[in-house]
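S.K.: Got a structure here, written out as structure tokens. Questions coming.
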4 protein chains.
Amino acid sequence: MSIGICIFGAGRIGKLHAANILATSRARVVSVVDVNLDAATALAAASGARAGTNVEEALAFDDVDAVVICAPTNLHVHLILASARMGKGILCEKPIDLDMMRVDACLSEMERYAVPFAVGFNRRFDPTIARMKRSIDEGEIGNVEILIITSRDPAPPPVEYVSTSGGYFRDSTIHDLDLARWMLGEEPISVSAFGSNLVDPEIGEEGDFDTAITSLRTATGRLCQINNSRRATYGFDQRVEVFGSAGMMQTMNQPETGLLRFGTGATAAQDPLKNFFLERYEESFRKELDDFLDAVEAGHAPAVTGEDGRQALKLADAAELSARTGKTIAL
Amino acid sequence: MSIGICIFGAGRIGKLHAANILATSRARVVSVVDVNLDAATALAAASGARAGTNVEEALAFDDVDAVVICAPTNLHVHLILASARMGKGILCEKPIDLDMMRVDACLSEMERYAVPFAVGFNRRFDPTIARMKRSIDEGEIGNVEILIITSRDPAPPPVEYVSTSGGYFRDSTIHDLDLARWMLGEEPISVSAFGSNLVDPEIGEEGDFDTAITSLRTATGRLCQINNSRRATYGFDQRVEVFGSAGMMQTMNQPETGLLRFGTGATAAQDPLKNFFLERYEESFRKELDDFLDAVEAGHAPAVTGEDGRQALKLADAAELSARTGKTIAL
Amino acid sequence: MSIGICIFGAGRIGKLHAANILATSRARVVSVVDVNLDAATALAAASGARAGTNVEEALAFDDVDAVVICAPTNLHVHLILASARMGKGILCEKPIDLDMMRVDACLSEMERYAVPFAVGFNRRFDPTIARMKRSIDEGEIGNVEILIITSRDPAPPPVEYVSTSGGYFRDSTIHDLDLARWMLGEEPISVSAFGSNLVDPEIGEEGDFDTAITSLRTATGRLCQINNSRRATYGFDQRVEVFGSAGMMQTMNQPETGLLRFGTGATAAQDPLKNFFLERYEESFRKELDDFLDAVEAGHAPAVTGEDGRQALKLADAAELSARTGKTIAL
Amino acid sequence: MSIGICIFGAGRIGKLHAANILATSRARVVSVVDVNLDAATALAAASGARAGTNVEEALAFDDVDAVVICAPTNLHVHLILASARMGKGILCEKPIDLDMMRVDACLSEMERYAVPFAVGFNRRFDPTIARMKRSIDEGEIGNVEILIITSRDPAPPPVEYVSTSGGYFRDSTIHDLDLARWMLGEEPISVSAFGSNLVDPEIGEEGDFDTAITSLRTATGRLCQINNSRRATYGFDQRVEVFGSAGMMQTMNQPETGLLRFGTGATAAQDPLKNFFLERYEESFRKELDDFLDAVEAGHAPAVTGEDGRQALKLADAAELSARTGKTIAL
């Protein structure tokens, strides 16, 4: 029997998850909920699902086995808890919330419910990144000593987005902080960050950064450097490099095609990089769904848990504080 | 309304096409025909399609708008003509037939029917190769002067396959000969080939080659070199290089992931290449189907026509003759 | 007339400079001075030069137009000033000294002498790094926003070396700090560093680090990350990446040869990286000498000045302090 | 004692060899001979050597241990024999002669003389190509099965050069044919070539080709493809790929620097390739000289012999004949 899924949020990410659910025979969309009923109806129609605006009504149906939460961040905690109370498995887009106290309260209540609860740090599911992690775990490069993460967006978001994003570290660097915890295999205990406003003056006027570097150190001395920019003219720049006592590994960027051009003045020029996360992490979203469906079917924990979501936010908070105060933060 | 498709042949390629049809909302599998009824039934079940062993019965249904021919090569001509007589659009895996007289007869009769008829040279639809062709057509490297095609399989097929394959040039090099015609933009008029038996002595005992090089020359002097092997220990090696008066382009091979490894004794080592054509040309088969569905919907000719199939076979015949006789063949 | 040069220090670097002088027709070695007379004599013999142990005697000769200082660091200031007083041009290996007060005093006295005074940060002269700087200056990537420097040695030095090296930041990171100042085009005003002892416990027992990351921020918000290790099993890892408002540039590592290997289990594997700085920066030392000879001939300042040496040490001191105290240092 | 060398020919290649001799302590230029006395004098001056126009006079000096022949091709045989008669070691630029009968006669007489006789196929000495050969010999890729050689010049020579060059195959492809024999480890027994005139119509008016492809087959079935053009807009394109039963190896082209550029519309763009053979094979010429000096010192045969020169010409003659007649040539 396929898993019945209710999607909260009929926007871009909701549509992506719906398409991935459609392409698998393991699950089906049975319900779409959005405050915008037209959007919900349009997305539901393609799947033969119910559309609605009321969360509790949607969760009352027995054919809803699990939910995928793609609503705005400020609704996440409410949707997580409402779904958990009804015994539904939960895949929630990151972050759980932008406020650590609300996250703590959410996770505290979640301890009462035995439902699978996954947080959508999709990059862990990218085949190249997952292969890197597996190679680390197999000891291929010995002990991890230095981790370098490069994450640069192709273009800055609209300033309206920035103003509700929780700030650059909580909105964007948080992805890299989750990867860092995973790859380092240890929790960071020191965080130092510098932030700048170099890309868009309007972002600066909102009091946010658009360019940042973050350093982490674990208790055993493992080191990590993250660099971020809101604007890379050559496309979505996503690289991880891990250096260890017995070797080093890097993930390569992905150009749009595998064509190399040799002309006057330049050789071996590749196509531009895949534009943004929907193109670059297309496969990751599919594998993240697979992992979630595995968890729902088996009733076990998914690969990325609520606690992972909390730890990443804690690091993002520390990076933000460091960049604001000019001090190194001890955790 | 989605296009109803009958699949002839429930083997590996039939399954691949069925999966691609399932993933698109433009078409649906309505019928699967195979001499092995169990195989037909198994594949049909997944699509809610009819299963059968009789070609004419299957073609009599009105909900069959088009057929995809994945049956053994010796059945192709019969299936093409039977489908055309019933007014069905046709996507036939290469080759049309291994015998040029039968191909000529087939194409001659096909002139009477106004159905879309596509031959499955899927490599033209690979995004990187298609981008290369588009760049050539846009004049990016000026006039095409030299074309180099490398096509090496990961491992030789069973010798039973070889004995009915029509020989290495008609079975395998024919893909490269189709690409050559397309990329050169002109018909070759001279063909010279050398064949060797270096990989598997049993292939030699069947009288076939497993290693070959082929040279082509067009009327205006454009040159092409193709090299083939039945066994590349590092995976499926598929590269095209086109050199022109204003530059050069190459397609890169595709490793399984984008991980680079730096260890003692070697650096920048990539994962093995994608193993074989189902992995390497996964996207090509999807785009080939799209092109065919476009042709069926619009009633126009597909990108790769019966005449393309005929010309590629003509070149393969010439290469075979050259390798057998040690002579350059004029066309 | 060729430039007469006295080399102070007949060790590995002295020999390197001597060979480079021999290969140019612009200069000749006329004198070699070392406390080890045998070493001085051996090196002098190959050039037909005088050998000696006394600095002042060596500087008294009129055919000495310039000196190259390759003696131990604690002798640098004395040799610089002695040479300057005699009106000789000076190329001094980095650092000027490990103690900032001695450096200040040295540079203060040097203001009295009009001799060319170059400090040996040879990496600036590497053709690839120099091309990067020129491209930045020509505006190719717009404003510099993020700089990433990777510098990892193939193997740790003997612990005896470590104990007199001034510590990891002053001994090794100082090269990267010089590059950072040059590439950023602005002076850093904030420094944050983490150091670890992961490679060799004996280095830790000496109170030094062998793995470190350093962050810099300039007044306008330009950011820099440096990562260092004393041991990279795959060879000398030397990369610079500069990210700007209009693009990005990277310098590639240099394998021993340009051979790519494709075997079972790995593809595109390159040869190991050139082992260490003598191999990797072979060309840089030659071009550094050229620049120095230009300065001596023209009487103008060389590309890397005493002030550059001082600023790099200041940053190294700050990085050391940050790593020791866990605080971000403001300059 | 250093080896005294007489250089015949004070042109571009003569100067290159003179500079390489100057840079080694093993040899010295003692004499320069050229019909243009001014050219000979200018080159001789830099080395403190004698200058002259008379071959026999030059060879009469006892301090001439060996000769390097860089004179026009039609003088090679005379200079080789004259030098051999005087007991001098000989390094002769390729080819020995453009006429096979004269080459046969030369080599026949040379059997009488016990002097080291090297032919200047410098590419064998390129560190990357030499490493490839060594890896083949060590069995790294098993049996050699397919060899692909790409050799394309940056720009066509003046048409006056073409008219005395012996034709494209004897002038240029001959380098690749020498490499092919060396890498294949067997003598080709079949040759097929196509030539075209696509680059410069004036070259066609001289009756020569400027674009060509050549196929070789050995007795055991090893195959080789060579492709040549007189004009590659992206620089001097020099690649060797060898495919075997246990793997594959490729030599990479060499860009001017190791800088990668990522901008709008293209990523990972490298600098243009090194322009031509003086830049690309700079190191090869040095190592070729080393090998020759080894042979002179030890009195043994150099790495590339007169017989190698003869075999390469034989293959070039066959390729020319094949391209002219449209027939495959058996050897």
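Each chain of the structure tokens is named A, B, ... in the order shown, its residues numbered from 1; ligands are numbered from 1 in display order.
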Would you list the contacts of Cys106 of chain D as a count of residues only, taking every protein, DNA or RNA residue within 8 Å and counting only C-alpha atoms, but skipping same-chain residues closer than 3 positions in sequence?
M.R.: 6
S.K.: Enumerate as an MDAnalysis selection string the residues belonging to chain C that approach chain A to within 7 Å, with only C-alpha atoms taken into account.
M.R.: chainID C and resid 196 221 232:234 246:247 326:328
S.K.: Restricting the output to N, CA, C and O atoms, write the selected residues as an mmCIF file, in the first residue's frame.
M.R.:
```cif
data_model
loop_
_atom_site.group_PDB
_atom_site.id
_atom_site.type_symbol
_atom_site.label_atom_id
_atom_site.label_comp_id
_atom_site.auth_asym_id
_atom_site.auth_seq_id
_atom_site.Cartn_x
_atom_site.Cartn_y
_atom_site.Cartn_z
ATOM 1 N N SER C 196 45.514 23.811 15.971
ATOM 2 C CA SER C 196 45.379 22.485 16.561
ATOM 3 C C SER C 196 46.689 21.726 16.413
ATOM 4 O O SER C 196 47.524 22.072 15.572
ATOM 5 N N GLY C 221 35.338 45.345 4.396
ATOM 6 C CA GLY C 221 34.558 44.115 4.514
ATOM 7 C C GLY C 221 35.045 42.961 3.660
ATOM 8 O O GLY C 221 34.382 41.929 3.584
ATOM 9 N N ALA C 232 50.265 16.857 4.215
ATOM 10 C CA ALA C 232 49.278 16.453 3.208
ATOM 11 C C ALA C 232 49.864 15.238 2.499
ATOM 12 O O ALA C 232 50.881 15.351 1.806
ATOM 13 N N THR C 233 49.230 14.099 2.659
ATOM 14 C CA THR C 233 49.828 12.852 2.158
ATOM 15 C C THR C 233 49.934 12.830 0.640
ATOM 16 O O THR C 233 50.657 12.022 0.076
ATOM 17 N N TYR C 234 49.222 13.728 -0.032
ATOM 18 C CA TYR C 234 49.204 13.725 -1.496
ATOM 19 C C TYR C 234 50.149 14.771 -2.072
ATOM 20 O O TYR C 234 50.147 15.020 -3.278
ATOM 21 N N ALA C 246 32.371 40.019 -9.982
ATOM 22 C CA ALA C 246 32.109 39.680 -11.384
ATOM 23 C C ALA C 246 32.701 38.342 -11.810
ATOM 24 O O ALA C 246 32.778 38.058 -13.008
ATOM 25 N N GLY C 247 33.087 37.511 -10.857
ATOM 26 C CA GLY C 247 33.617 36.204 -11.242
ATOM 27 C C GLY C 247 34.534 35.637 -10.180
ATOM 28 O O GLY C 247 34.620 36.158 -9.075
ATOM 29 N N GLY C 326 41.965 32.626 22.013
ATOM 30 C CA GLY C 326 40.568 32.393 21.648
ATOM 31 C C GLY C 326 39.808 33.680 21.407
ATOM 32 O O GLY C 326 38.584 33.711 21.498
ATOM 33 N N LYS C 327 40.533 34.754 21.107
ATOM 34 C CA LYS C 327 39.870 36.035 20.851
ATOM 35 C C LYS C 327 40.150 36.523 19.445
ATOM 36 O O LYS C 327 41.185 36.209 18.861
ATOM 37 N N THR C 328 39.231 37.310 18.925
ATOM 38 C CA THR C 328 39.467 37.985 17.655
ATOM 39 C C THR C 328 40.322 39.213 17.929
ATOM 40 O O THR C 328 40.069 39.944 18.890
#
```
S.K.: Need the shell around segment 30-43 of chain B: protein/DNA/RNA residues with any atom at most 9 Å away, counting only C-alpha atoms. Skip same-chain ones fewer than 4 positions apart. Format as a tab-separated table (two decimals) with all heavy atoms, in the first residue's frame?
M.R.:
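Ended up saving to around16.tsv:
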```
chain	number	residue	atom	x	y	z
B	4	GLY	N	-1.55	7.02	-26.64
B	4	GLY	CA	-1.55	5.60	-26.27
B	4	GLY	C	-0.45	4.85	-27.01
B	4	GLY	O	-0.34	4.94	-28.24
B	5	ILE	N	0.33	4.11	-26.28
B	5	ILE	CA	1.51	3.47	-26.88
B	5	ILE	C	1.49	1.96	-26.68
B	5	ILE	O	1.18	1.46	-25.59
B	5	ILE	CB	2.80	4.07	-26.30
B	5	ILE	CG1	2.92	5.53	-26.80
B	5	ILE	CG2	4.02	3.25	-26.70
B	5	ILE	CD1	4.20	6.21	-26.45
B	6	CYS	N	1.82	1.26	-27.75
B	6	CYS	CA	2.03	-0.18	-27.69
B	6	CYS	C	3.52	-0.46	-27.76
B	6	CYS	O	4.21	0.02	-28.67
B	6	CYS	CB	1.30	-0.86	-28.87
B	6	CYS	SG	1.71	-2.61	-29.03
B	7	ILE	N	4.03	-1.21	-26.79
B	7	ILE	CA	5.45	-1.56	-26.77
B	7	ILE	C	5.63	-2.97	-27.32
B	7	ILE	O	5.01	-3.91	-26.82
B	7	ILE	CB	6.02	-1.46	-25.34
B	7	ILE	CG1	5.97	0.00	-24.87
B	7	ILE	CG2	7.43	-2.02	-25.28
B	7	ILE	CD1	6.47	0.20	-23.45
B	8	PHE	N	6.44	-3.11	-28.35
B	8	PHE	CA	6.80	-4.43	-28.87
B	8	PHE	C	8.13	-4.85	-28.27
B	8	PHE	O	9.17	-4.23	-28.56
B	8	PHE	CB	6.90	-4.41	-30.40
B	8	PHE	CG	5.58	-4.27	-31.10
B	8	PHE	CD1	5.29	-3.14	-31.86
B	8	PHE	CD2	4.59	-5.25	-30.99
B	8	PHE	CE1	4.08	-3.00	-32.52
B	8	PHE	CE2	3.37	-5.12	-31.64
B	8	PHE	CZ	3.10	-3.99	-32.40
B	9	GLY	N	8.10	-5.89	-27.45
B	9	GLY	CA	9.34	-6.36	-26.82
B	9	GLY	C	9.38	-5.94	-25.36
B	9	GLY	O	9.49	-4.75	-25.07
B	10	ALA	N	9.32	-6.92	-24.45
B	10	ALA	CA	9.26	-6.61	-23.02
B	10	ALA	C	10.59	-6.85	-22.33
B	10	ALA	O	10.65	-7.10	-21.13
B	10	ALA	CB	8.16	-7.46	-22.37
B	11	GLY	N	11.67	-6.73	-23.07
B	11	GLY	CA	13.00	-6.91	-22.49
B	11	GLY	C	13.51	-5.63	-21.84
B	11	GLY	O	12.73	-4.75	-21.48
B	14	GLY	N	12.60	-2.39	-23.61
B	14	GLY	CA	11.16	-2.19	-23.51
B	14	GLY	C	10.77	-1.65	-22.14
B	14	GLY	O	9.96	-0.73	-22.03
B	15	LYS	N	11.38	-2.23	-21.12
B	15	LYS	CA	11.10	-1.75	-19.76
B	15	LYS	C	11.53	-0.31	-19.56
B	15	LYS	O	10.85	0.48	-18.90
B	15	LYS	CB	11.84	-2.64	-18.74
B	15	LYS	CG	11.16	-3.97	-18.50
B	15	LYS	CD	11.99	-4.83	-17.55
B	15	LYS	CE	11.47	-6.25	-17.53
B	15	LYS	NZ	12.45	-7.20	-16.97
B	18	ALA	N	9.07	1.89	-21.18
B	18	ALA	CA	7.83	1.90	-20.40
B	18	ALA	C	7.95	2.82	-19.19
B	18	ALA	O	7.04	3.61	-18.89
B	18	ALA	CB	7.49	0.48	-19.96
B	47	SER	N	1.64	-0.96	-15.81
B	47	SER	CA	1.07	0.22	-16.49
B	47	SER	C	-0.44	0.11	-16.65
B	47	SER	O	-1.06	1.00	-17.23
B	47	SER	CB	1.70	0.37	-17.88
B	47	SER	OG	3.09	0.30	-17.82
B	48	GLY	N	-1.02	-0.96	-16.19
B	48	GLY	CA	-2.44	-1.16	-16.44
B	48	GLY	C	-2.74	-1.34	-17.92
B	48	GLY	O	-3.80	-0.97	-18.42
B	49	ALA	N	-1.79	-1.93	-18.64
B	49	ALA	CA	-1.93	-2.10	-20.08
B	49	ALA	C	-2.33	-3.53	-20.43
B	49	ALA	O	-2.23	-4.44	-19.61
B	49	ALA	CB	-0.61	-1.75	-20.77
B	50	ARG	N	-2.78	-3.72	-21.66
B	50	ARG	CA	-3.06	-5.06	-22.15
B	50	ARG	C	-1.74	-5.78	-22.45
B	50	ARG	O	-0.77	-5.15	-22.86
B	50	ARG	CB	-3.86	-5.00	-23.47
B	50	ARG	CG	-5.25	-4.43	-23.34
B	50	ARG	CD	-5.95	-4.42	-24.70
B	50	ARG	NE	-5.29	-3.59	-25.69
B	50	ARG	CZ	-5.48	-2.27	-25.82
B	50	ARG	NH1	-6.33	-1.62	-25.02
B	50	ARG	NH2	-4.85	-1.60	-26.75
B	51	ALA	N	-1.74	-7.10	-22.32
B	51	ALA	CA	-0.58	-7.89	-22.72
B	51	ALA	C	-0.98	-8.88	-23.79
B	51	ALA	O	-2.13	-9.34	-23.81
B	51	ALA	CB	0.01	-8.64	-21.52
B	52	GLY	N	-0.09	-9.18	-24.71
B	52	GLY	CA	-0.42	-10.14	-25.73
B	52	GLY	C	0.80	-10.62	-26.47
B	52	GLY	O	1.93	-10.19	-26.20
B	53	THR	N	0.56	-11.55	-27.41
B	53	THR	CA	1.67	-12.07	-28.22
B	53	THR	C	1.42	-11.80	-29.70
B	53	THR	O	2.31	-12.01	-30.52
B	53	THR	CB	1.82	-13.59	-28.03
B	53	THR	OG1	0.59	-14.22	-28.43
B	53	THR	CG2	2.12	-13.94	-26.58
B	54	ASN	N	0.24	-11.32	-30.03
B	54	ASN	CA	-0.12	-11.17	-31.44
B	54	ASN	C	-0.03	-9.71	-31.88
B	54	ASN	O	-0.71	-8.82	-31.34
B	54	ASN	CB	-1.53	-11.69	-31.65
B	54	ASN	CG	-1.88	-11.70	-33.13
B	54	ASN	OD1	-2.04	-10.64	-33.74
B	54	ASN	ND2	-1.98	-12.90	-33.73
B	55	VAL	N	0.82	-9.48	-32.88
B	55	VAL	CA	1.08	-8.12	-33.35
B	55	VAL	C	-0.17	-7.48	-33.94
B	55	VAL	O	-0.53	-6.34	-33.59
B	55	VAL	CB	2.22	-8.13	-34.40
B	55	VAL	CG1	2.38	-6.77	-35.06
B	55	VAL	CG2	3.52	-8.62	-33.76
B	58	ALA	N	-2.84	-6.57	-31.49
B	58	ALA	CA	-2.47	-5.42	-30.68
B	58	ALA	C	-2.66	-4.11	-31.45
B	58	ALA	O	-3.11	-3.10	-30.91
B	58	ALA	CB	-1.01	-5.55	-30.23
B	63	ASP	N	-6.98	2.72	-29.30
B	63	ASP	CA	-6.25	3.55	-28.32
B	63	ASP	C	-4.74	3.46	-28.50
B	63	ASP	O	-3.99	4.12	-27.77
B	63	ASP	CB	-6.65	3.19	-26.88
B	63	ASP	CG	-6.28	1.76	-26.51
B	63	ASP	OD1	-5.81	1.01	-27.41
B	63	ASP	OD2	-6.47	1.38	-25.34
B	64	VAL	N	-4.31	2.66	-29.47
B	64	VAL	CA	-2.87	2.64	-29.79
B	64	VAL	C	-2.60	3.72	-30.85
B	64	VAL	O	-3.00	3.59	-32.00
B	64	VAL	CB	-2.44	1.25	-30.34
B	64	VAL	CG1	-0.99	1.31	-30.82
B	64	VAL	CG2	-2.61	0.18	-29.28
B	71	ALA	N	11.78	-5.10	-30.06
B	71	ALA	CA	11.88	-6.53	-30.33
B	71	ALA	C	13.24	-6.83	-30.97
B	71	ALA	O	13.98	-5.92	-31.33
B	71	ALA	CB	10.75	-6.94	-31.27
```
S.K.: Using only C-alpha atoms for the distances, tell me which of D:Glu186, D:Glu288, D:Glu320, D:Asp308 is nearest to Leu91 of chain D.
M.R.: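 Ranking D:Glu186, D:Glu288, D:Glu320, D:Asp308 by distance to Leu91 of chain D, first place goes to D:Glu288.
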S.K.: Run DSSP on the backbone and give me the residues of segment 27-161 of chain D it puts in strand (DSSP E or B), as an MDAnalysis selection string.
M.R.: chainID D and resid 27:33 50:52 66:69 89:93 117:120 144:152
S.K.: Go through A:Met252, A:Ala23, A:Ile96, A:Ala323 one by one, measure the shortest atom-to-atom distance of each to Pro127 of chain A using only C-alpha atoms, and give the residue with the smallest value.
M.R.: A:Met252
S.K.: Tell me which protein, DNA and RNA residues are within 10 Å of Glu160 of chain B, counting only C-alpha atoms, leaving out same-chain ones fewer than 3 positions away, and put them as a count of residues only.
M.R.: 7
S.K.: Which of segment 99-250 of chain C end up as helix (DSSP H, G or I) when DSSP is run on this backbone - answer as a ChimeraX atom specification?
M.R.: /C:100-110,122-125,127-137,159-163,168-184,201-205
